[in-house]
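A.B. asks: Sharing a structure below in structure tokens format, with a few things to ask.
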Amino acid sequence: MSNVAVKIINLVKKFGNVTAVNNLNLDIYEGEIFGLLGPNGSGKTTTLLIITTVYKPTSGDVEIYGYSVTRHGDIVRRLVGIAFQEPKALWVDNPYELLLWHAMVVGYSVIGARRVIRDIMEELDLWEHRGKFISELSGGTRKKVEIAKLFIQKPKIAIFDEPTAQLDVTTKHRVWDKIKALRDEGSTIIVATNDMLEAERLADRIAIIHKGTLKALGTPSELKDRIPGGDIIELRVDNRIPDGIVKSLIEAIEARKLDYSDGVIRAYVNRGEEKIAIAIDILSRNNIKVRSVSLKEPTLDDVFFYFTGARLEEGRIQ
Amino acid sequence: MDIREDIRALLLVILWDIRKLGRYKFFLAMRFAWFLLQVLVFGLLVAKMVSIRGPLGVIDYYKFYIIGAYVAVLFSMSMLRGHEIVEELEDGLIDYQLSLPIKRRILAIGRALGGGIASFIYSIPMMIVIVLILGVNSISAVLAIALFSLIFASSLVGLAMSIALIIRSSDRLDILMGISDSLLVRLSTVFYPIIALSSIAIYYYIAKINPVSYLTDMIRYIATPEDVSGITVSDPHIMVVFLVGFAIASMLSALLLLDKRIEGGYSR
């Protein structure tokens with residue numbers, strides 16, 4: 001994952017007095033699943049619409065494999081595809097005809113289009129709805145029609161804007177598997193989401209965006225590790241622990257805080273998975289029997305809170 | 001990208017509008033019924049009350065009227081596409097189309113042509129009615145009427161698209177379309193020959209530059225040349241140039257505005 005597929009350079013987008021994206025810089029590597037995490041109104045969708053050449057930046061640029069969205073729009077549009085947050089279809093459309101039109105626009109022959117559409121529609125349980133008006137479909141089914149466009153298109157850069165919003169749990173997992181399969185077939189994936197579980201399950205790296213600004217960037221575990229004392233190691237012990245051992249334990253595992261009462265040690269550390277072995281070793285050498293061990297990691301919601309000062313729900317911009 | 005890909009993309013964009021045709025059967029049936037009523041009842045009654053003398057004698061006002069009625073329907077159906085474009089803007093469908101691997105100019109021209117073809121197809125039953133009533137028995141004349149109707153419908157859709165991209169509100173567009181429908185159709189030679197308008201200067205000069213006048217009189221010239229000799233808005237060659245020029249201008253304005261639309265963004 002060394003080639004930069006998408007390079008966002010000092011990107012700014014303003015709508016009147018409102019700055020939707022504020023000096024954003026990002027490199028997205030070929031073959032990765034990249035998560036844009038932020039509440040509604042954080043600038044995720046605006047960024048995606050600039051990448052897809054729907055909007056032009058106020059300043060800055062985005063390069064797709066070196067092609068500028070402002071200067072090489074025709075080439076960029078051949079490399080990028082997007083499944084929108086809100087399904088895009090005429091109310092008088094039916095899913096089959098809409099997908100057939102889309103498939104042909106992205107380069108399929110009629111015969112090839114019919115074959116791939118049937119496969120994708122069957123995989124997403126859409127086939128039985130193929131002849132209905134879009135207006136007759138549930139929100140979740142419409143969302144699946146929107147996502148199906150990208151699974152048919154298989155672009156070099158596939159952008160999913162909140163791909164599993166409105167979907168049931170089973171379908172969510174199926175869509176996640178298909179997104180991973182699309183990456184395995186050679187697409188670079190960008191997923192914008194405000195769903196923590198989705199970001200954690202899918203993304204190789206995550207950018208946290210809040211009020212149009214990049215707040216943090218890294219793999220999910222890197223971001224969690226950046227919270228001081230974010231991991232909690234809990235150890236249940238049989239014997240009473242002398243104060244000297246508690247002190248050396250704090251030093252050895254670099255705990256930011258350690259609580260000890262009623263035979264339970266609770267240590268707040270970074271990279272907890274590495275510190276567990278150290279803690280057990282110290283206790284064993286001092287003849288203290290450890291009955292159980294557990295490690296609790298921070299959630300991405302904790303990460304978002306740490307970097308933005310707001311919970312995802314609170315962070316929604318009106 | 002080669003020319004074949006551009007043509008393929010253009011045809012697919014045109015197909016976007018045409019594939020909606022079958023879904024408006026009831027609307028089209030109602031429109032056709034209304035047109036029949038206008039031509040077979042109202043037109044006959046009006047023709048009995050109106051007598052207009054041209055340079056070569058009294059004009060057959062019934063023939064004059066039904067061609068105007070056909071153009072008025074074609075006009076309103078084409079301008080209706082502007083409303084559809086605003087709906088597509090509001091529903092984000094234009095964003096979807098802008099994200100597809102289609103050149104902007106192909107998209108603009110394709111939507112104007114697609115809308116024009118769809119409007120023309122809607123109006124074919126009406127065109128057949130007037131061709132039958134007028135007794136036009138030359139295939140080339142029928143094809144010429146169809147061709148000019150198609151060019152005009154596409155021009156109007158390009159114009160409606162441009163207006164829609166500026167207005168961006170279905171409510172405001174409804175009002176504007178209502179006004180333009182009333183003014184452009186009435187301040188033209190749709191229902192009155194240009195010689196009858198010459199006594200009201202402002203009316204006369206607006207009709208002289210109104211594209212609706214040019215299509216109406218062009219069709220009259222093709223279908224009933226002997227009846228309209230000397231009373232058309234202009235010389236036939238100039239009418240052809242005017243209609244083609246109007247088509248090019250409206251396509252260009254749609255193309256420029258489509259590009260400007262992404263330049264300015266669309267705040268929702």
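For the structure tokens, the naming scheme is as follows: chains receive sequential letters (A, B, ...) according to their order of presentation, residues are indexed from 1 within each chain, and ligands are indexed from 1 in presentation order.
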Kindly determine which residues of chain A lie within 8 Å of chain B, considering only C-alpha atoms, and give the answer as an MDAnalysis selection string.

C.D. replies: chainID A and resid 15 52:56 74:75 77:78 81:82 84 88:90 92:93 101 104:106

A.B. asks: Any chance you could export the current selection's N, CA and C atoms as a compact mmCIF listing (two decimals), in the first residue's frame?

C.D. replies:
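Saved result, again-v7.txt, follows:
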# COMPACT_ATOMS: atom_id res chain seq x y z
N PHE A 15 -19.33 27.46 1.10
CA PHE A 15 -20.64 27.78 0.53
C PHE A 15 -21.07 29.10 1.16
N THR A 52 -15.31 13.42 -6.59
CA THR A 52 -16.05 12.89 -7.74
C THR A 52 -16.32 13.96 -8.80
N THR A 53 -15.77 15.16 -8.63
CA THR A 53 -15.88 16.29 -9.56
C THR A 53 -17.27 16.92 -9.62
N VAL A 54 -18.13 16.59 -8.66
CA VAL A 54 -19.46 17.22 -8.64
C VAL A 54 -19.32 18.67 -8.17
N TYR A 55 -18.53 18.89 -7.15
CA TYR A 55 -18.22 20.25 -6.70
C TYR A 55 -16.78 20.57 -7.10
N LYS A 56 -16.55 21.87 -7.30
CA LYS A 56 -15.17 22.31 -7.49
C LYS A 56 -14.67 22.92 -6.20
N ASP A 74 -12.62 14.81 -16.81
CA ASP A 74 -13.08 13.68 -17.64
C ASP A 74 -12.34 12.40 -17.28
N ILE A 75 -11.03 12.52 -17.03
CA ILE A 75 -10.24 11.33 -16.68
C ILE A 75 -10.59 10.86 -15.27
N ARG A 77 -13.34 11.15 -13.65
CA ARG A 77 -14.65 10.49 -13.58
C ARG A 77 -14.61 9.06 -14.11
N ARG A 78 -13.59 8.74 -14.88
CA ARG A 78 -13.47 7.35 -15.36
C ARG A 78 -12.81 6.46 -14.31
N GLY A 81 -15.97 6.24 -8.67
CA GLY A 81 -17.43 6.03 -8.64
C GLY A 81 -17.92 6.24 -7.22
N ILE A 82 -19.17 6.64 -7.10
CA ILE A 82 -19.70 6.92 -5.75
C ILE A 82 -21.10 6.32 -5.57
N PHE A 84 -24.09 7.22 -3.31
CA PHE A 84 -24.45 8.39 -2.50
C PHE A 84 -25.14 7.98 -1.20
N LYS A 88 -30.05 7.76 -5.37
CA LYS A 88 -30.35 8.67 -6.48
C LYS A 88 -31.12 7.91 -7.57
N ALA A 89 -32.39 8.20 -7.66
CA ALA A 89 -33.23 7.56 -8.68
C ALA A 89 -34.48 8.38 -8.87
N LEU A 90 -35.06 8.29 -10.07
CA LEU A 90 -36.35 8.92 -10.31
C LEU A 90 -37.43 8.05 -9.67
N VAL A 92 -40.13 7.27 -10.81
CA VAL A 92 -40.74 6.41 -11.83
C VAL A 92 -39.76 5.32 -12.32
N ASP A 93 -38.53 5.35 -11.79
CA ASP A 93 -37.57 4.31 -12.17
C ASP A 93 -37.95 2.99 -11.53
N TRP A 101 -29.14 1.12 -16.98
CA TRP A 101 -28.65 2.40 -17.54
C TRP A 101 -27.28 2.73 -16.95
N MET A 104 -24.49 0.51 -18.34
CA MET A 104 -24.10 0.86 -19.71
C MET A 104 -23.29 2.16 -19.73
N VAL A 105 -23.65 3.11 -18.88
CA VAL A 105 -22.89 4.36 -18.82
C VAL A 105 -21.45 4.10 -18.37
N VAL A 106 -21.28 3.13 -17.47
CA VAL A 106 -19.91 2.88 -16.98
C VAL A 106 -19.17 1.88 -17.86

A.B. asks: For B:Val46, work out the shell of residues within 12 Å, counting only C-alpha atoms and skipping chain neighbours fewer than 6 positions away, then give it as a list in words.

C.D. replies: Gln38, Val39, Leu40, Asp60, Tyr61, Tyr62, Lys63, Phe64, Tyr65, Ile66 and Phe191 of chain B

A.B. asks: Would you write out those residues with C-alpha atoms, as a PDB file, in the first residue's frame?

C.D. replies:
ATOM      1  CA  GLN B  38     -59.339  22.180 -28.791  1.00  0.00           C
ATOM      2  CA  VAL B  39     -58.907  21.336 -32.473  1.00  0.00           C
ATOM      3  CA  LEU B  40     -62.222  19.653 -33.262  1.00  0.00           C
ATOM      4  CA  ASP B  60     -58.368  29.862 -43.772  1.00  0.00           C
ATOM      5  CA  TYR B  61     -58.210  30.537 -40.036  1.00  0.00           C
ATOM      6  CA  TYR B  62     -59.020  26.957 -39.041  1.00  0.00           C
ATOM      7  CA  LYS B  63     -55.860  25.655 -40.722  1.00  0.00           C
ATOM      8  CA  PHE B  64     -53.955  28.571 -39.249  1.00  0.00           C
ATOM      9  CA  TYR B  65     -55.335  27.884 -35.770  1.00  0.00           C
ATOM     10  CA  ILE B  66     -54.705  24.136 -35.523  1.00  0.00           C
ATOM     11  CA  PHE B 191     -52.933  32.300 -32.970  1.00  0.00           C
TER      12      PHE B 191
END

A.B. asks: In Å, how far is it from atom CA of A:Asp195 to atom CA of A:Ala20?

C.D. replies: 20.5 Å

A.B. asks: I need the residues in stretch 16-261 of chain B that are strand (DSSP E or B) according to DSSP; give them as a ChimeraX atom specification.

C.D. replies: /B:52-54,57-59
